[in-house]
file target34.cif (mmCIF, C-alpha atoms)
data_protein
loop_
_atom_site.label_atom_id
_atom_site.label_comp_id
_atom_site.auth_asym_id
_atom_site.auth_seq_id
_atom_site.Cartn_x
_atom_site.Cartn_y
_atom_site.Cartn_z
CA MET A 12 -285.60 -53.66 -109.18
CA ALA A 13 -288.42 -53.27 -106.66
CA LYS A 14 -291.68 -51.68 -107.72
CA PHE A 15 -292.62 -48.21 -106.53
CA THR A 16 -295.52 -47.94 -104.12
CA ASP A 17 -298.31 -45.46 -104.92
CA GLU A 18 -296.93 -43.09 -102.33
CA GLU A 19 -293.46 -43.21 -103.88
CA MET A 20 -294.89 -42.66 -107.34
CA ALA A 21 -296.93 -39.64 -106.23
CA LEU A 22 -293.89 -38.14 -104.54
CA GLY A 23 -291.60 -39.00 -107.45
CA LEU A 24 -293.92 -37.40 -110.01
CA LYS A 25 -294.04 -34.24 -107.92
CA SER A 26 -290.39 -33.82 -107.15
CA GLY A 27 -288.38 -36.80 -108.40
CA THR A 28 -285.32 -36.72 -110.63
CA LYS A 29 -285.72 -37.23 -114.39
CA LEU A 30 -284.61 -40.85 -114.09
CA GLU A 31 -287.04 -41.55 -111.23
CA ARG A 32 -289.91 -40.06 -113.21
CA HIS A 33 -288.90 -42.10 -116.25
CA ARG A 34 -288.99 -45.31 -114.20
CA ILE A 35 -292.37 -44.35 -112.74
CA PHE A 36 -293.81 -43.81 -116.22
CA GLU A 37 -292.48 -47.24 -117.22
CA GLN A 38 -294.20 -48.82 -114.23
CA LEU A 39 -297.43 -47.00 -115.07
CA TYR A 40 -297.30 -48.38 -118.62
CA GLU A 41 -296.72 -51.87 -117.24
CA GLU A 42 -299.47 -51.77 -114.65
CA SER A 43 -302.15 -49.41 -115.83
CA LEU A 44 -302.27 -49.38 -119.62
CA GLY A 45 -303.84 -52.89 -119.81
CA PRO A 46 -307.28 -52.17 -118.27
CA ILE A 47 -307.57 -48.83 -120.11
CA LYS A 48 -306.71 -50.47 -123.43
CA HIS A 49 -309.31 -53.15 -122.70
CA LEU A 50 -311.97 -50.50 -122.01
CA ILE A 51 -311.25 -48.50 -125.14
CA LEU A 52 -310.97 -51.48 -127.49
CA LYS A 53 -314.30 -52.73 -126.15
CA ASN A 54 -315.88 -49.38 -126.86
CA SER A 55 -315.06 -48.82 -130.52
CA GLY A 56 -311.56 -47.46 -129.97
CA SER A 57 -308.21 -48.50 -131.43
CA GLU A 58 -304.91 -49.38 -129.78
CA GLU A 59 -303.56 -45.97 -130.85
CA ALA A 60 -306.52 -44.20 -129.23
CA ALA A 61 -305.99 -46.21 -126.04
CA LYS A 62 -302.35 -45.17 -125.91
CA ASP A 63 -303.28 -41.50 -126.45
CA ILE A 64 -305.98 -41.52 -123.78
CA PHE A 65 -303.63 -43.30 -121.37
CA GLN A 66 -300.93 -40.66 -121.95
CA ASP A 67 -303.48 -37.87 -121.40
CA ALA A 68 -304.56 -39.52 -118.14
CA ILE A 69 -300.94 -39.52 -116.96
CA ILE A 70 -300.68 -35.81 -117.85
CA VAL A 71 -303.82 -35.12 -115.80
CA LEU A 72 -302.41 -37.06 -112.85
CA ASN A 73 -299.06 -35.31 -113.16
CA ASN A 74 -300.69 -31.87 -113.12
CA LYS A 75 -303.15 -32.68 -110.35
CA LEU A 76 -300.40 -33.91 -108.07
CA LYS A 77 -298.79 -30.49 -108.20
CA GLN A 78 -301.90 -28.69 -106.99
CA PRO A 79 -301.82 -27.99 -103.27
CA ASP A 80 -305.55 -28.73 -102.84
CA PHE A 81 -305.43 -32.15 -104.53
CA THR A 82 -305.54 -35.39 -102.56
CA LEU A 83 -305.41 -38.76 -104.22
CA THR A 84 -308.30 -40.70 -102.68
CA SER A 85 -307.84 -43.95 -104.62
CA SER A 86 -304.92 -45.97 -105.96
CA ILE A 87 -303.05 -44.44 -108.91
CA LYS A 88 -304.22 -47.28 -111.16
CA THR A 89 -307.86 -46.59 -110.26
CA TYR A 90 -307.41 -42.85 -110.67
CA LEU A 91 -305.89 -43.25 -114.13
CA TYR A 92 -308.69 -45.59 -115.15
CA SER A 93 -311.33 -43.18 -113.97
CA VAL A 94 -309.71 -40.24 -115.81
CA ALA A 95 -309.25 -42.31 -118.97
CA ARG A 96 -312.87 -43.43 -118.92
CA PHE A 97 -314.05 -39.84 -118.63
CA LEU A 98 -311.76 -38.73 -121.46
CA TRP A 99 -312.93 -41.57 -123.68
CA MET A 100 -316.62 -40.87 -122.94
CA ASN A 101 -315.94 -37.27 -123.86
CA GLN A 102 -314.27 -38.34 -127.10
CA LEU A 103 -317.22 -40.60 -128.01
CA LYS A 104 -319.59 -37.73 -127.31
CA LYS A 105 -317.59 -35.48 -129.63
CA ASN A 106 -317.82 -38.17 -132.32
CA LYS A 107 -321.57 -38.38 -131.62
CA ARG A 108 -321.40 -41.98 -130.41
CA GLU A 109 -323.19 -41.94 -127.12
CA ALA A 110 -324.03 -45.62 -126.61
CA PRO A 111 -323.70 -46.84 -123.00
CA LEU A 112 -320.11 -47.71 -122.19
CA LEU A 113 -319.18 -51.38 -121.86
CA ASP A 114 -317.16 -51.26 -118.70
CA ASP A 115 -315.89 -54.05 -116.45
CA TYR A 116 -315.12 -51.60 -113.68
CA GLN A 117 -318.32 -49.58 -113.37
CA PHE A 118 -317.86 -49.24 -109.62
CA ILE A 119 -314.92 -46.87 -110.18
CA PRO A 120 -316.22 -43.29 -110.02
CA ILE A 121 -315.80 -40.99 -113.02
CA GLU A 122 -313.12 -38.32 -112.76
CA ALA A 123 -314.97 -35.45 -114.40
CA LYS A 124 -312.49 -32.70 -113.64
CA ALA A 125 -309.94 -34.24 -115.95
CA LEU A 126 -310.59 -32.07 -118.98
CA VAL A 127 -309.68 -28.74 -117.41
CA THR A 128 -305.97 -29.47 -117.48
CA LEU A 129 -305.99 -30.68 -121.10
CA GLU A 130 -308.05 -27.91 -122.67
CA GLN A 131 -306.24 -26.12 -125.44
CA ASP A 132 -306.43 -22.37 -125.54
CA GLU A 133 -305.73 -20.38 -128.68
CA LYS A 134 -304.23 -17.44 -126.78
CA SER A 135 -301.95 -19.65 -124.69
CA GLU A 136 -300.82 -21.40 -127.83
CA ALA A 137 -299.85 -18.06 -129.38
CA LEU A 138 -297.97 -17.26 -126.21
CA GLN A 139 -295.95 -20.44 -126.58
CA GLY A 140 -294.36 -19.05 -129.72
CA ILE A 141 -293.27 -16.08 -127.64
CA ILE A 142 -291.95 -18.31 -124.83
CA ASN A 143 -289.74 -20.00 -127.41
CA GLN A 144 -288.04 -16.68 -128.11
CA LEU A 145 -286.71 -16.59 -124.54
CA GLY A 146 -283.19 -17.72 -123.71
CA LYS A 147 -282.64 -21.27 -122.44
CA ASP A 148 -282.19 -20.29 -118.77
CA CYS A 149 -285.36 -18.21 -118.78
CA LYS A 150 -287.35 -21.07 -120.27
CA VAL A 151 -285.97 -23.43 -117.62
CA VAL A 152 -286.68 -21.15 -114.65
CA LEU A 153 -290.21 -20.20 -115.75
CA ASN A 154 -291.07 -23.78 -116.68
CA ALA A 155 -289.79 -25.01 -113.31
CA TYR A 156 -291.92 -22.43 -111.51
CA TYR A 157 -295.15 -22.44 -113.52
CA PHE A 158 -295.29 -26.00 -114.86
CA GLU A 159 -293.26 -28.15 -112.51
CA ARG A 160 -294.42 -25.95 -109.61
CA LEU A 161 -291.06 -26.17 -107.88
CA ARG A 162 -290.21 -23.90 -104.95
CA MET A 163 -287.56 -21.23 -105.41
CA LYS A 164 -285.19 -23.20 -103.20
CA GLU A 165 -285.54 -26.26 -105.42
CA ILE A 166 -285.13 -24.18 -108.57
CA ALA A 167 -281.92 -22.65 -107.19
CA LYS A 168 -280.58 -26.14 -106.45
CA GLN A 169 -281.59 -27.55 -109.82
CA MET A 170 -280.08 -24.63 -111.75
CA LYS A 171 -277.00 -24.50 -109.54
CA LEU A 172 -277.72 -20.88 -108.53
CA ALA A 173 -276.13 -19.39 -105.41
CA ASN A 174 -279.37 -19.16 -103.41
CA GLU A 175 -283.12 -18.78 -103.40
CA GLN A 176 -282.95 -15.01 -103.88
CA VAL A 177 -280.90 -15.35 -107.06
CA ALA A 178 -283.54 -17.73 -108.43
CA ARG A 179 -286.33 -15.33 -107.46
CA ASN A 180 -284.58 -12.41 -109.21
CA LYS A 181 -284.01 -14.53 -112.28
CA LYS A 182 -287.68 -15.49 -112.43
CA SER A 183 -288.80 -11.84 -112.16
CA LYS A 184 -286.36 -10.73 -114.83
CA CYS A 185 -287.43 -13.50 -117.21
CA LEU A 186 -291.10 -12.80 -116.59
CA ALA A 187 -290.59 -9.11 -117.38
CA GLN A 188 -288.76 -10.08 -120.55
CA LEU A 189 -291.62 -12.37 -121.56
CA ARG A 190 -294.19 -9.64 -120.96
CA LYS A 191 -292.15 -7.25 -123.05
CA LEU A 192 -291.96 -9.77 -125.91
CA ALA A 193 -295.72 -10.36 -125.69
CA GLY A 194 -296.34 -6.59 -125.60
CA ASN A 195 -294.27 -6.12 -128.73
CA SER A 196 -296.01 -8.88 -130.63
CA PRO A 197 -298.84 -7.35 -132.71
CA SER A 198 -300.39 -10.75 -133.48
CA PHE A 199 -300.53 -11.68 -129.81
CA GLN A 200 -301.94 -8.28 -128.83
CA LYS A 201 -304.63 -8.62 -131.46
CA LEU A 202 -305.57 -12.07 -130.15
CA PHE A 203 -305.48 -10.94 -126.53
CA LYS A 204 -307.80 -8.01 -127.13
CA SER A 205 -310.27 -10.14 -129.10
CA MET B 27 -293.42 -2.92 -105.84
CA GLU B 28 -294.15 -4.24 -109.32
CA GLU B 29 -292.48 -7.54 -108.42
CA GLN B 30 -294.55 -7.80 -105.26
CA LYS B 31 -297.74 -7.36 -107.30
CA TRP B 32 -296.85 -10.22 -109.67
CA ASN B 33 -295.81 -12.47 -106.80
CA GLU B 34 -299.18 -11.90 -105.17
CA ILE B 35 -300.97 -12.69 -108.44
CA ASP B 36 -298.90 -15.87 -108.79
CA ARG B 37 -299.78 -16.97 -105.28
CA TYR B 38 -303.46 -16.40 -106.05
CA LEU B 39 -303.39 -18.28 -109.35
CA LEU B 40 -301.24 -21.14 -108.09
CA LEU B 41 -303.75 -21.65 -105.24
CA GLU B 42 -301.24 -20.84 -102.55
CA MET B 43 -303.38 -18.34 -100.62
CA GLU B 44 -305.32 -19.21 -97.50
CA GLU B 45 -309.10 -18.77 -97.69
CA GLU B 46 -309.17 -15.36 -95.97
CA GLU B 47 -306.32 -13.93 -98.02
CA ARG B 48 -307.91 -15.23 -101.21
CA LEU B 49 -311.25 -13.56 -100.45
CA THR B 50 -309.55 -10.24 -99.68
CA PHE B 51 -307.60 -10.48 -102.93
CA GLU B 52 -310.76 -11.22 -104.92
CA GLN B 53 -312.51 -8.18 -103.39
CA LYS B 54 -309.52 -6.04 -104.31
CA MET B 55 -309.63 -7.38 -107.84
CA GLU B 56 -313.33 -6.53 -108.21
CA LYS B 57 -312.60 -2.90 -107.41
CA ASP B 58 -309.40 -2.60 -109.45
CA ALA B 59 -309.80 -3.18 -113.20
CA THR B 60 -306.05 -2.94 -113.85
CA LEU B 61 -305.37 -5.65 -111.30
CA LYS B 62 -308.10 -7.81 -112.81
CA GLN B 63 -306.55 -7.48 -116.24
CA ALA B 64 -303.10 -8.31 -114.85
CA VAL B 65 -304.54 -11.48 -113.27
CA GLU B 66 -306.12 -12.49 -116.57
CA GLU B 67 -302.84 -11.93 -118.40
CA GLN B 68 -300.92 -13.94 -115.85
CA GLN B 69 -303.48 -16.74 -115.97
CA LEU B 70 -302.94 -16.97 -119.69
CA LEU B 71 -299.21 -17.16 -119.20
CA ILE B 72 -299.51 -19.98 -116.65
CA LYS B 73 -301.84 -21.83 -119.01
CA ALA B 74 -299.25 -21.42 -121.78
CA PHE B 75 -296.56 -22.99 -119.59
CA GLU B 76 -298.95 -25.80 -118.67
CA GLN B 77 -299.72 -26.54 -122.31
CA ARG B 78 -296.04 -26.42 -123.21
CA GLY B 79 -295.13 -28.73 -120.31
CA ASN B 80 -297.97 -31.13 -121.19
CA GLN B 81 -296.70 -31.31 -124.74
CA ILE B 82 -293.13 -32.07 -123.61
CA LEU B 83 -294.44 -34.73 -121.22
CA LYS B 84 -296.56 -36.29 -123.96
CA GLU B 85 -293.48 -36.54 -126.19
CA GLU B 86 -291.55 -38.19 -123.36
CA LEU B 87 -294.38 -40.69 -122.79
CA GLU B 88 -294.54 -41.40 -126.52
CA ILE B 89 -290.79 -42.19 -126.64
CA ILE B 90 -291.18 -44.63 -123.74
CA TYR B 91 -294.17 -46.24 -125.48
CA GLN B 92 -292.44 -46.57 -128.85
CA ASP B 93 -289.31 -47.89 -127.19
CA ARG B 94 -291.25 -50.55 -125.30
CA LYS B 95 -293.21 -51.47 -128.41
CA SER B 96 -290.15 -51.75 -130.61
CA GLN B 97 -288.24 -53.79 -128.04
CA ASN B 98 -291.19 -56.13 -127.50
CA THR B 99 -291.36 -56.66 -131.26
CA ASN B 100 -287.65 -57.39 -131.41
CA LEU B 101 -287.99 -59.83 -128.52
CA SER B 102 -290.82 -61.73 -130.14
CA ARG B 103 -289.01 -61.74 -133.50
CA ARG B 104 -286.03 -63.31 -131.78
CA MET B 105 -288.23 -65.87 -130.05
CA ILE B 106 -289.59 -67.32 -133.28
CA PRO B 107 -286.48 -69.18 -134.50
CA TRP B 108 -285.94 -70.65 -131.06
CA THR B 109 -289.54 -71.84 -130.90
CA TRP B 110 -289.11 -73.58 -134.23
CA LEU B 111 -285.77 -74.95 -133.15
CA SER B 112 -287.34 -76.55 -130.10
CA VAL B 113 -290.09 -78.07 -132.24
CA ALA B 114 -287.47 -79.43 -134.58
CA ALA B 115 -285.46 -80.74 -131.65
CA SER B 116 -288.51 -82.53 -130.26
CA ILE B 117 -289.15 -84.18 -133.59
CA LEU B 118 -285.55 -85.27 -133.74
CA LEU B 119 -285.85 -86.76 -130.29
CA ILE B 120 -289.09 -88.51 -131.09
CA ILE B 121 -287.77 -90.17 -134.19
CA GLY B 122 -284.79 -91.28 -132.19
CA LEU B 123 -282.00 -89.63 -134.12
CA GLY B 124 -280.11 -88.99 -130.95
CA TYR B 125 -280.52 -85.26 -130.57
CA TRP B 126 -278.20 -85.45 -127.59
CA LEU B 127 -275.38 -86.29 -129.95
CA LEU B 128 -275.75 -83.02 -131.79
CA PRO B 129 -273.51 -80.09 -130.81
CA GLN B 130 -274.91 -77.62 -128.25
CA PRO B 131 -276.51 -74.46 -129.67
CA ALA B 132 -274.09 -71.68 -130.50
CA ASN B 133 -273.09 -69.89 -127.35
CA ASN B 134 -274.54 -66.57 -126.30
CA LEU B 135 -271.51 -64.60 -127.41
CA ASN B 136 -272.68 -64.10 -130.95
CA PHE B 137 -273.04 -60.43 -131.85
CA ALA B 138 -275.15 -60.93 -134.98
CA GLN B 139 -277.63 -63.01 -133.04
CA HIS B 140 -278.34 -60.16 -130.63
CA PHE B 141 -277.86 -57.04 -132.72
CA SER B 142 -280.91 -55.38 -134.16
CA PRO B 143 -280.98 -51.69 -135.09
CA TYR B 144 -282.73 -49.13 -132.93
CA GLU B 145 -286.10 -48.27 -134.42
CA LEU B 146 -285.81 -44.69 -135.63
CA THR B 147 -289.02 -42.79 -136.36
CA ALA B 148 -290.30 -39.24 -136.61
CA LEU B 149 -287.13 -37.18 -136.39
CA ARG B 150 -288.12 -33.56 -136.07
CA GLY B 151 -286.19 -30.36 -136.22
CA GLU B 152 -287.01 -26.80 -137.15
CA GLU B 153 -283.66 -26.02 -138.76
CA ASN B 154 -282.45 -29.29 -140.26
CA GLY B 155 -285.71 -30.80 -141.52
CA ASP B 156 -284.39 -32.03 -144.88
CA TYR B 157 -281.11 -33.33 -143.47
CA LEU B 158 -283.01 -35.19 -140.74
CA ASN B 159 -285.34 -36.78 -143.25
CA GLU B 160 -282.39 -37.98 -145.29
CA PHE B 161 -280.67 -39.27 -142.14
CA GLU B 162 -283.78 -41.24 -141.18
CA THR B 163 -284.22 -42.67 -144.68
CA LEU B 164 -280.59 -43.79 -145.00
CA TYR B 165 -280.67 -45.30 -141.51
CA ASN B 166 -283.89 -47.20 -142.10
CA GLN B 167 -282.47 -48.55 -145.36
CA GLY B 168 -279.51 -49.90 -143.42
CA LYS B 169 -277.03 -47.71 -145.33
CA TYR B 170 -274.92 -47.17 -142.24
CA LYS B 171 -271.78 -45.99 -143.98
CA GLU B 172 -273.79 -43.25 -145.71
CA VAL B 173 -275.51 -42.41 -142.42
CA ILE B 174 -272.11 -41.67 -140.85
CA THR B 175 -270.93 -39.57 -143.80
CA HIS B 176 -274.22 -37.67 -143.94
CA TYR B 177 -274.13 -36.98 -140.19
CA ASN B 178 -270.54 -35.74 -140.24
CA GLY B 179 -271.25 -33.53 -143.24
CA ASN B 180 -274.58 -32.01 -142.27
CA LEU B 181 -275.78 -32.78 -138.78
CA LYS B 182 -272.72 -32.60 -136.56
CA SER B 183 -274.05 -29.58 -134.70
CA THR B 184 -277.31 -31.24 -133.65
CA ASN B 185 -277.74 -32.16 -130.04
CA ASP B 186 -280.36 -34.85 -130.23
CA ASP B 187 -279.84 -38.09 -128.31
CA LYS B 188 -282.16 -40.05 -130.60
CA ILE B 189 -279.82 -39.18 -133.50
CA ARG B 190 -276.86 -40.11 -131.32
CA ILE B 191 -278.29 -43.59 -130.72
CA ALA B 192 -278.89 -44.07 -134.45
CA LEU B 193 -275.40 -42.82 -135.25
CA GLY B 194 -273.91 -45.12 -132.61
CA VAL B 195 -275.84 -48.06 -134.07
CA SER B 196 -274.46 -47.15 -137.51
CA TYR B 197 -270.89 -47.15 -136.17
CA LEU B 198 -271.58 -50.43 -134.39
CA ALA B 199 -272.95 -52.04 -137.53
CA GLN B 200 -269.74 -50.97 -139.28
CA GLY B 201 -267.65 -52.56 -136.52
CA LEU B 202 -266.42 -49.18 -135.24
CA THR B 203 -267.12 -50.03 -131.63
CA LYS B 204 -265.15 -47.26 -129.92
CA GLU B 205 -266.81 -44.55 -132.04
CA ALA B 206 -270.15 -46.17 -131.33
CA ARG B 207 -269.55 -46.18 -127.58
CA LYS B 208 -268.68 -42.48 -127.62
CA GLN B 209 -272.18 -41.72 -128.92
CA PHE B 210 -273.96 -44.14 -126.60
CA GLU B 211 -272.13 -42.86 -123.54
CA ILE B 212 -273.39 -39.32 -124.18
CA ALA B 213 -276.96 -40.50 -124.86
CA GLN B 214 -276.83 -42.70 -121.75
CA LYS B 215 -276.94 -39.58 -119.57
CA ASN B 216 -280.42 -38.78 -120.85
CA PRO B 217 -282.91 -40.88 -118.84
CA LEU B 218 -285.08 -41.24 -121.93
CA PHE B 219 -282.31 -43.09 -123.71
CA TYR B 220 -280.50 -44.70 -120.78
CA ASP B 221 -281.89 -48.20 -121.43
CA SER B 222 -281.23 -48.33 -125.18
CA ALA B 223 -277.83 -46.62 -124.94
CA THR B 224 -276.66 -48.99 -122.17
CA TRP B 225 -277.90 -51.99 -124.13
CA TYR B 226 -275.87 -50.98 -127.18
CA ILE B 227 -272.78 -50.25 -125.05
CA GLY B 228 -273.04 -53.85 -123.85
CA LEU B 229 -273.37 -55.04 -127.43
CA SER B 230 -270.31 -53.05 -128.47
CA TYR B 231 -268.29 -55.04 -125.91
CA LEU B 232 -269.89 -58.23 -127.20
CA LYS B 233 -268.68 -57.27 -130.67
CA GLU B 234 -265.16 -56.82 -129.24
CA LYS B 235 -265.54 -60.16 -127.43
CA ASP B 236 -264.72 -58.35 -124.18
CA GLU B 237 -266.95 -60.51 -122.03
CA LYS B 238 -265.91 -58.99 -118.72
CA SER B 239 -266.89 -55.42 -119.71
CA MET B 240 -270.06 -56.67 -121.35
CA GLN B 241 -271.10 -58.49 -118.16
CA LYS B 242 -270.48 -55.35 -116.13
CA VAL B 243 -272.64 -53.21 -118.42
CA PHE B 244 -275.50 -55.69 -118.58
CA GLN B 245 -275.43 -56.18 -114.81
CA GLU B 246 -275.80 -52.42 -114.41
CA LEU B 247 -278.65 -52.38 -116.94
CA VAL B 248 -280.50 -55.16 -115.12
CA LYS B 249 -279.97 -53.40 -111.78
CA ASN B 250 -281.33 -50.09 -113.07
CA THR B 251 -284.37 -51.32 -114.98
CA ARG B 252 -287.49 -53.14 -113.93
CA GLU B 253 -288.32 -56.75 -114.64
CA GLY B 254 -290.86 -56.17 -117.42
CA ASN B 255 -288.53 -53.80 -119.28
CA PRO B 256 -287.54 -55.38 -122.62
CA TYR B 257 -283.87 -54.31 -122.25
CA HIS B 258 -283.86 -55.80 -118.75
CA ILE B 259 -285.06 -59.13 -120.15
CA LYS B 260 -282.47 -59.14 -122.92
CA ALA B 261 -279.58 -58.11 -120.67
CA ALA B 262 -280.54 -60.68 -118.03
CA GLU B 263 -280.01 -63.45 -120.60
CA PHE B 264 -276.30 -62.59 -120.62
CA ILE B 265 -275.69 -62.46 -116.89
CA LYS B 266 -273.92 -65.43 -115.45
#
call {"tool": "encode", "arguments": {"input": "target34.cif", "output": "C-alpha cells"}}
result
Amino acid sequence: MAKFTDEEMALGLKSGTKLERHRIFEQLYEESLGPIKHLILKNSGSEEAAKDIFQDAIIVLNNKLKQPDFTLTSSIKTYLYSVARFLWMNQLKKNKREAPLLDDYQFIPIEAKALVTLEQDEKSEALQGIINQLGKDCKVVLNAYYFERLRMKEIAKQMKLANEQVARNKKSKCLAQLRKLAGNSPSFQKLFKS
Amino acid sequence: MEEQKWNEIDRYLLLEMEEEERLTFEQKMEKDATLKQAVEEQQLLIKAFEQRGNQILKEELEIIYQDRKSQNTNLSRRMIPWTWLSVAASILLIIGLGYWLLPQPANNLNFAQHFSPYELTALRGEENGDYLNEFETLYNQGKYKEVITHYNGNLKSTNDDKIRIALGVSYLAQGLTKEARKQFEIAQKNPLFYDSATWYIGLSYLKEKDEKSMQKVFQELVKNTREGNPYHIKAAEFIK
C-alpha cells in the first residue's frame, strides 16, 4: 500500500472517509511519533507522556486543518513536532521544570497557538452532558457541522438525507432542542451566569 | 428570522465571514447586548462540540496505539522461539550432525502457532459496568467458554465492536469458527477494528484448514494495510 503524501493526508483529515482517516493516523504513528518520543524521553518525560503529547498534536492538526484561515506552511511531520514541543514545554512549565529543552531539531519553529484548541472549559464540559441527552441523529448532525466542519451538502450525503435543505432544517431543529435542554438545566444556567 | 440570526452567528464564529462583513457584524454586536450574549452562548456550544470531538478522536488514536503496541509485542514474542531455533540449528550444523537431514520445520498451516488472543483492556460502559468488568476478567483469564455464556446472558444487547472481537476470539478458541466469523464480520465494518477482525477471519479459515479462503482474506488484509502495520506483516507471511 503506497504512502499518503502530505497533501493527501491534509485533504483526508479534512474530508476523508473513516477508513482513510484511520490509515492516515496509522501513517502518522509510523512516521512522526519517533522524533517526538525522542524529544520527550530526553527531557524528563515517559513513553506514556510522549504518546499523549503526540495524540494531542494530532488533535491540534486535525482541528487546524478545518479552519478556513489555516495554511500548513511546513511538512505535517515538522508541524506535529513543533506543536508537540510547545505542548511539552508547557507541561514542563506547569510542573515547574523550566530547564532549557534538549532538542535535536531546534531549527523547527515553535507552534505556540497549539493550546487554544485543547483548552478545557468548565461550561463547555457541562454542556456536553446536555449534548448527550440529544437523540442520535441530532448528535450526528451537530457534530458534523460544528466539529467536523462539514458543509450542509456533505452532511446531507453522509446522513442519506434528501437534500441540503433537509440537512439545514434538521440542524436548526436540533440546535433549538439543545438550547431548550440547556435552558431547562438549572445547573447549567447557574454555571453560565457565574 | 430566528434561524437567520443563528446562521449569521455561526458564520461569524466559524470564521466564514469576509473582513468587511465581520467588521459590520462586530459593530452590530457592540450595540446590541442581546446579540452579544447570543454569540457568547453559541461560542460555548461550539467549544463543547470541539471538546467532545477531541475526546472521541483521542479515544480513536488510543485504540490505534494500543493495537499497534499489542501486535508488536505479539510479533516479537513469536520471533523469540525462531531466533533460538536458528541458533540451535547453527550449532547443529557446526558440530556436523547433519542438520539438513532433519525434517523441515512444521508448515505454516498450524493454527496454534499463529493464534494469540486479542488484547482486551479498559472496557467502558455507563449501563453495563459490572457485566463488562466480569467479561474482561473472564476473557483475560482465558475462560472462553464462560466468556460466551456471560455474554449471551448479560451483554447481548451491547453494540461494541471491541467486545465483538473478544467474543469472536472466544468462539475461535473454542473451535466454533462459524460463530466466530459472524462476530468478526460485523466488527470488520468498523475501520477501527478492520485490521484485527480481518486477521481473525483469516485465522478462522486456518483453523478449518480452508487454505483457499484464508489466502483470499490475508491477501485482502495485506492490500488494505500499510507495510509497517503488524497485521500486514503477519498476513504477508501466509501469502504464496
call {"tool": "resolve_selection", "arguments": {"input": "target34.cif", "expression": "the PyMOL selection byres ((chain A) within 9 of (chain B))", "output": "NGL selection string"}}
result
:A and (12-14 or 29-31 or 33-34 or 36-38 or 40-41 or 62-63 or 66-67 or 69-71 or 74 or 78-80 or 128-132 or 134-139 or 142 or 153-154 or 157-160 or 183 or 203)
call {"tool": "axis_aligned_box", "arguments": {"input": "target34.cif", "around": "range 136-143 of chain A", "padding_each_side": "3 Å", "output": "JSON"}}
result
{"center_x": -295.3, "center_y": -18.7, "center_z": -127.3, "size_x": 17.1, "size_y": 11.3, "size_z": 10.9}
call {"tool": "residues_near_point", "arguments": {"input": "target34.cif", "point": "(-277.1, -54.0, -120.3)", "cutoff": "8 Å", "atoms": "all atoms listed in the file", "output": "PyMOL selection string"}}
result
chain B and resi 221+224-228+240-248+257-258+260-262
call {"tool": "atom_distance", "arguments": {"input": "target34.cif", "atom1": "CA of Arg37 in chain B", "atom2": "CA of Phe81 in chain A"}}
result
16.2 Å
call {"tool": "atom_distance", "arguments": {"input": "target34.cif", "atom1": "CA of Phe210 in chain B", "atom2": "CA of Val152 in chain A"}}
result
28.9 Å
call {"tool": "residues_near_point", "arguments": {"input": "target34.cif", "point": "(-308.4, -6.9, -106.3)", "cutoff": "12 Å", "atoms": "all atoms listed in the file", "output": "PyMOL selection string"}}
result
chain B and resi 31+34-35+38+47-66
call {"tool": "residues_around", "arguments": {"input": "target34.cif", "residues": "Arg190 in chain B", "least_positions_apart": "3", "cutoff": "7 Å", "atoms": "only C-alpha atoms", "output": "PDB file with C-alpha atoms, in the coordinates of the input"}}
result
ATOM      1  CA  ASP B 186    -280.360 -34.850-130.230  1.00  0.00           C
ATOM      2  CA  ASP B 187    -279.840 -38.090-128.310  1.00  0.00           C
ATOM      3  CA  LEU B 193    -275.400 -42.820-135.250  1.00  0.00           C
ATOM      4  CA  GLY B 194    -273.910 -45.120-132.610  1.00  0.00           C
ATOM      5  CA  GLN B 209    -272.180 -41.720-128.920  1.00  0.00           C
ATOM      6  CA  PHE B 210    -273.960 -44.140-126.600  1.00  0.00           C
ATOM      7  CA  ALA B 213    -276.960 -40.500-124.860  1.00  0.00           C
TER       8      ALA B 213
END
call {"tool": "atom_distance", "arguments": {"input": "target34.cif", "atom1": "CA of Thr184 in chain B", "atom2": "CA of Tyr165 in chain B"}}
result
16.5 Å
call {"tool": "residues_around", "arguments": {"input": "target34.cif", "residues": "Asn154 in chain B", "least_positions_apart": "5", "cutoff": "10 Å", "atoms": "only C-alpha atoms", "output": "ChimeraX atom specification"}}
result
/B:149,159,180-181,184
call {"tool": "closest_residue", "arguments": {"input": "target34.cif", "among": "A:Arg190, A:Arg96, A:Lys105, A:Lys201", "to": "Asn54 in chain A", "atoms": "only C-alpha atoms"}}
result
A:Arg96
call {"tool": "resolve_selection", "arguments": {"input": "target34.cif", "expression": "the PyMOL selection byres ((chain A and resi 15-17) around 8)", "output": "ChimeraX atom specification"}}
result
/A:13-14,18-21,35,38,86-87
call {"tool": "residues_around", "arguments": {"input": "target34.cif", "residues": "Leu112 in chain A", "least_positions_apart": "3", "cutoff": "9 Å", "atoms": "only C-alpha atoms", "output": "MDAnalysis selection string"}}
result
chainID A and resid 50 53:54 100 109
call {"tool": "closest_residue", "arguments": {"input": "target34.cif", "among": "A:Leu189, A:Met163, A:Leu202, A:Leu83", "to": "Val177 in chain A", "atoms": "all atoms listed in the file"}}
result
A:Met163
call {"tool": "resolve_selection", "arguments": {"input": "target34.cif", "expression": "the PyMOL selection byres ((chain A and resi 175) around 9)", "output": "CSV table (one decimal) with C-alpha atoms, in the frame of the given file"}}
result
chain,number,residue,atom,x,y,z
A,162,ARG,CA,-290.2,-23.9,-105.0
A,163,MET,CA,-287.6,-21.2,-105.4
A,164,LYS,CA,-285.2,-23.2,-103.2
A,165,GLU,CA,-285.5,-26.3,-105.4
A,166,ILE,CA,-285.1,-24.2,-108.6
A,167,ALA,CA,-281.9,-22.6,-107.2
A,168,LYS,CA,-280.6,-26.1,-106.4
A,172,LEU,CA,-277.7,-20.9,-108.5
A,173,ALA,CA,-276.1,-19.4,-105.4
A,174,ASN,CA,-279.4,-19.2,-103.4
A,176,GLN,CA,-283.0,-15.0,-103.9
A,177,VAL,CA,-280.9,-15.4,-107.1
A,178,ALA,CA,-283.5,-17.7,-108.4
A,179,ARG,CA,-286.3,-15.3,-107.5
A,180,ASN,CA,-284.6,-12.4,-109.2
